[in-house]
$ cat upload_12.cif   # mmCIF, C-alpha atoms
data_target
loop_
_atom_site.group_PDB
_atom_site.id
_atom_site.type_symbol
_atom_site.label_atom_id
_atom_site.label_comp_id
_atom_site.auth_asym_id
_atom_site.auth_seq_id
_atom_site.Cartn_x
_atom_site.Cartn_y
_atom_site.Cartn_z
ATOM 1 C CA MET A 10 24.135 1.837 -7.102
ATOM 2 C CA ASN A 11 22.967 4.414 -4.593
ATOM 3 C CA LYS A 12 21.635 2.446 -1.606
ATOM 4 C CA THR A 13 19.642 5.402 -0.227
ATOM 5 C CA LYS A 14 17.937 5.957 -3.586
ATOM 6 C CA VAL A 15 16.997 2.266 -3.772
ATOM 7 C CA GLU A 16 15.627 2.298 -0.218
ATOM 8 C CA ASN A 17 13.677 5.496 -0.962
ATOM 9 C CA GLU A 18 12.122 3.734 -3.947
ATOM 10 C CA PHE A 19 10.701 1.092 -1.612
ATOM 11 C CA LEU A 20 9.560 3.732 0.859
ATOM 12 C CA SER A 21 7.702 5.512 -1.940
ATOM 13 C CA TYR A 22 5.799 2.276 -2.723
ATOM 14 C CA VAL A 23 4.672 2.017 0.899
ATOM 15 C CA HIS A 24 3.777 5.710 1.006
ATOM 16 C CA MET A 25 1.756 5.375 -2.191
ATOM 17 C CA ALA A 26 -0.222 2.445 -0.789
ATOM 18 C CA ALA A 27 -1.178 4.482 2.281
ATOM 19 C CA SER A 28 -2.202 7.413 0.058
ATOM 20 C CA LEU A 29 -4.418 5.227 -2.111
ATOM 21 C CA PHE A 30 -6.114 3.552 0.850
ATOM 22 C CA ARG A 31 -6.841 6.977 2.312
ATOM 23 C CA ILE A 32 -8.642 7.825 -0.943
ATOM 24 C CA TYR A 33 -10.615 4.572 -0.832
ATOM 25 C CA SER A 34 -11.535 5.033 2.809
ATOM 26 C CA GLU A 35 -12.881 8.539 2.183
ATOM 27 C CA LYS A 36 -15.197 7.268 -0.573
ATOM 28 C CA LEU A 37 -16.789 4.443 1.408
ATOM 29 C CA THR A 38 -20.255 4.895 2.883
ATOM 30 C CA TYR A 39 -20.809 1.687 4.883
ATOM 31 C CA LEU A 40 -19.434 2.223 8.363
ATOM 32 C CA SER A 41 -18.137 -1.338 8.769
ATOM 33 C CA THR A 42 -16.265 -1.212 5.458
ATOM 34 C CA LYS A 43 -14.946 2.293 6.206
ATOM 35 C CA GLN A 44 -13.611 1.126 9.594
ATOM 36 C CA PHE A 45 -12.080 -1.949 7.954
ATOM 37 C CA PHE A 46 -10.248 0.270 5.450
ATOM 38 C CA GLN A 47 -9.112 2.665 8.161
ATOM 39 C CA GLU A 48 -7.532 -0.300 9.972
ATOM 40 C CA ILE A 49 -5.698 -1.215 6.768
ATOM 41 C CA GLU A 50 -4.544 2.377 6.341
ATOM 42 C CA THR A 51 -3.219 2.312 9.915
ATOM 43 C CA LYS A 52 -1.214 -0.832 9.090
ATOM 44 C CA LEU A 53 0.186 0.816 5.967
ATOM 45 C CA LEU A 54 1.210 3.930 7.895
ATOM 46 C CA LYS A 55 2.899 1.683 10.472
ATOM 47 C CA HIS A 56 4.896 0.043 7.666
ATOM 48 C CA GLU A 57 5.915 3.452 6.397
ATOM 49 C CA ARG A 58 7.080 4.500 9.878
ATOM 50 C CA GLU A 59 9.040 1.261 10.355
ATOM 51 C CA ILE A 60 10.774 1.586 6.976
ATOM 52 C CA LYS A 61 11.698 5.188 7.776
ATOM 53 C CA GLU A 62 13.159 4.064 11.098
ATOM 54 C CA ALA A 63 15.176 1.357 9.342
ATOM 55 C CA MET A 64 16.480 4.019 6.961
ATOM 56 C CA CYS A 65 17.080 6.512 9.808
ATOM 57 C CA ILE A 66 14.780 9.083 8.207
ATOM 58 C CA GLU A 67 13.143 11.517 10.578
ATOM 59 C CA LYS A 68 11.335 13.892 8.213
ATOM 60 C CA GLU A 69 7.572 13.672 7.822
ATOM 61 C CA GLY A 70 6.121 12.332 4.621
ATOM 62 C CA ASN A 71 7.845 11.081 1.529
ATOM 63 C CA GLU A 72 7.979 12.352 -1.987
ATOM 64 C CA LEU A 73 6.222 10.337 -4.635
ATOM 65 C CA SER A 74 7.663 10.141 -8.113
ATOM 66 C CA LEU A 75 5.843 11.990 -10.875
ATOM 67 C CA MET A 76 4.377 8.699 -12.109
ATOM 68 C CA GLN A 77 3.171 7.814 -8.613
ATOM 69 C CA LYS A 78 1.561 11.249 -8.237
ATOM 70 C CA MET A 79 -0.239 10.658 -11.530
ATOM 71 C CA VAL A 80 -1.472 7.254 -10.322
ATOM 72 C CA VAL A 81 -2.808 8.804 -7.108
ATOM 73 C CA CYS A 82 -4.537 11.563 -9.109
ATOM 74 C CA MET A 83 -6.079 9.068 -11.539
ATOM 75 C CA SER A 84 -7.224 6.903 -8.635
ATOM 76 C CA LYS A 85 -8.950 9.895 -7.050
ATOM 77 C CA MET A 86 -10.834 10.548 -10.273
ATOM 78 C CA LYS A 87 -11.659 6.871 -10.785
ATOM 79 C CA VAL A 88 -12.932 6.353 -7.231
ATOM 80 C CA LYS A 89 -14.943 9.577 -7.366
ATOM 81 C CA MET A 90 -17.076 8.077 -10.147
ATOM 82 C CA MET A 91 -17.701 4.822 -8.270
ATOM 83 C CA LYS A 92 -21.163 4.460 -6.768
ATOM 84 C CA GLU A 93 -20.849 1.189 -4.848
ATOM 85 C CA ASN A 94 -18.652 0.231 -1.900
ATOM 86 C CA PHE A 95 -18.142 -3.121 -3.626
ATOM 87 C CA ASP A 96 -16.391 -1.362 -6.536
ATOM 88 C CA VAL A 97 -14.099 0.517 -4.150
ATOM 89 C CA CYS A 98 -13.210 -2.770 -2.425
ATOM 90 C CA ILE A 99 -12.360 -4.390 -5.757
ATOM 91 C CA GLU A 100 -10.169 -1.411 -6.678
ATOM 92 C CA ALA A 101 -8.401 -1.669 -3.308
ATOM 93 C CA LEU A 102 -7.802 -5.367 -3.902
ATOM 94 C CA LYS A 103 -6.256 -4.579 -7.288
ATOM 95 C CA THR A 104 -4.047 -1.978 -5.604
ATOM 96 C CA ILE A 105 -2.762 -4.296 -2.897
ATOM 97 C CA ASP A 106 -2.159 -7.055 -5.468
ATOM 98 C CA MET A 107 -0.120 -4.567 -7.513
ATOM 99 C CA GLY A 108 1.802 -3.682 -4.350
ATOM 100 C CA ILE A 109 2.607 -7.356 -3.782
ATOM 101 C CA TYR A 110 3.826 -7.659 -7.362
ATOM 102 C CA GLN A 111 5.994 -4.515 -7.077
ATOM 103 C CA ILE A 112 7.585 -5.664 -3.824
ATOM 104 C CA GLU A 113 8.387 -9.063 -5.333
ATOM 105 C CA ILE A 114 10.060 -7.396 -8.327
ATOM 106 C CA TYR A 115 11.888 -4.977 -6.027
ATOM 107 C CA LEU A 116 13.228 -7.804 -3.858
ATOM 108 C CA LYS A 117 14.315 -9.838 -6.865
ATOM 109 C CA LYS A 118 16.155 -6.850 -8.268
ATOM 110 C CA TYR A 119 17.792 -5.459 -5.109
ATOM 111 C CA GLN A 120 17.857 -8.231 -2.502
ATOM 112 C CA ASN A 121 21.609 -8.795 -2.767
ATOM 113 C CA ALA A 122 22.449 -5.081 -2.834
ATOM 114 C CA LEU A 123 20.665 -4.064 0.377
ATOM 115 C CA ASN A 124 21.508 -4.810 3.982
ATOM 116 C CA LYS A 125 19.819 -7.814 5.540
ATOM 117 C CA GLU A 126 17.712 -5.775 7.986
ATOM 118 C CA PHE A 127 16.180 -3.681 5.205
ATOM 119 C CA VAL A 128 15.462 -6.789 3.115
ATOM 120 C CA ASN A 129 13.824 -8.425 6.130
ATOM 121 C CA ASN A 130 11.645 -5.313 6.605
ATOM 122 C CA ALA A 131 10.653 -5.444 2.935
ATOM 123 C CA LYS A 132 9.787 -9.132 3.253
ATOM 124 C CA TYR A 133 7.728 -8.350 6.350
ATOM 125 C CA VAL A 134 5.792 -5.686 4.407
ATOM 126 C CA LEU A 135 5.257 -8.211 1.596
ATOM 127 C CA LYS A 136 3.835 -10.732 4.076
ATOM 128 C CA GLU A 137 1.578 -8.040 5.546
ATOM 129 C CA TYR A 138 0.333 -7.050 2.076
ATOM 130 C CA GLU A 139 -0.504 -10.681 1.368
ATOM 131 C CA GLY A 140 -2.498 -10.744 4.623
ATOM 132 C CA ILE A 141 -4.256 -7.509 3.702
ATOM 133 C CA ALA A 142 -5.192 -8.941 0.289
ATOM 134 C CA LYS A 143 -6.668 -11.996 2.000
ATOM 135 C CA ASP A 144 -8.559 -9.797 4.470
ATOM 136 C CA ILE A 145 -9.999 -7.689 1.638
ATOM 137 C CA ARG A 146 -11.110 -10.809 -0.242
ATOM 138 C CA ASP A 147 -12.728 -12.176 2.925
ATOM 139 C CA HIS A 148 -14.442 -8.832 3.556
ATOM 140 C CA ILE A 149 -15.792 -8.725 -0.002
ATOM 141 C CA HIS A 150 -17.167 -12.254 0.292
ATOM 142 C CA LYS A 151 -18.699 -11.639 3.695
ATOM 143 C CA GLN A 152 -20.207 -8.210 2.946
ATOM 144 C CA TYR A 153 -21.100 -8.277 -0.737
ATOM 145 C CA LEU A 154 -21.344 -11.825 -2.082
#

$ encode --input "upload_12.cif" --output "structure tokens"
Amino acid sequence: MNKTKVENEFLSYVHMAASLFRIYSEKLTYLSTKQFFQEIETKLLKHEREIKEAMCIEKEGNELSLMQKMVVCMSKMKVKMMKENFDVCIEALKTIDMGIYQIEIYLKKYQNALNKEFVNNAKYVLKEYEGIAKDIRDHIHKQYL
């Protein structure tokens, strides 16, 4: 197993999340919801930076896999057709829930193969994603329900 390849896989998940939240943020029209999403995007970019530091990567950006690029493209098209901020929030919630699921699978699969510091960083990101999911749910309830 190539440790760098496995770590890059995780980094691509974090990078993808930031890319998707940038798309969602651009679509939103309510200022309070837009600012809320920009705060989430900032958190996601911070995770990306921290993972890169743990991997000792200095280059800007990260390459997404072909499948991830397709998901980002499809999300752009899907969000473009959405009329309501509520719908964008629900889509973002689905995205972060998928991120939680992917991290859990990743940790189950690779936890014993990676160094402890990297695993701890991945677990930290997982905990943050769970907090983001809760914050999005709370925002939806407060703003739209």

$ resolve_selection --input "upload_12.cif" --expression "the PyMOL selection byres ((chain A and resi 122) around 12)" --output "ChimeraX atom specification"
/A:10-16,115-121,123-128

$ atom_distance --input "upload_12.cif" --atom1 "CA of Ala131 in chain A" --atom2 "CA of Phe30 in chain A"
19.1 Å

$ closest_residue --input "upload_12.cif" --among "A:Ala26, A:Ile112, A:Met83, A:Leu20" --to "Lys136 in chain A" --atoms "only C-alpha atoms"
A:Ile112

$ residues_around --input "upload_12.cif" --residues "Val23 in chain A" --least-positions-apart "5" --cutoff "10 Å" --atoms "only C-alpha atoms" --output "list in words"
Asn17, Glu18, Ser28, Leu53, Leu54, Lys55, His56, Glu57, Arg58, Ile60, Asn71, Gly108, Ile112, Ala131 and Val134 of chain A

$ resolve_selection --input "upload_12.cif" --expression "the PyMOL selection byres ((chain A and resi 98-106) around 7)" --output "number ranges by chain"
A: 94-97, 107-110, 138, 142, 145, 149

$ residues_around --input "upload_12.cif" --residues "His148 in chain A" --least-positions-apart "5" --cutoff "9 Å" --atoms "only C-alpha atoms" --output "list in words"
Thr42, Phe45, Cys98, Lys143 and Tyr153 of chain A

$ resolve_selection --input "upload_12.cif" --expression "the PyMOL selection byres ((chain A and resi 81) around 12)" --output "list in words"
Tyr22, His24, Met25, Ala26, Ala27, Ser28, Leu29, Phe30, Arg31, Ile32, Tyr33, Leu73, Ser74, Leu75, Met76, Gln77, Lys78, Met79, Val80, Cys82, Met83, Ser84, Lys85, Met86, Lys87, Val88 and Thr104 of chain A
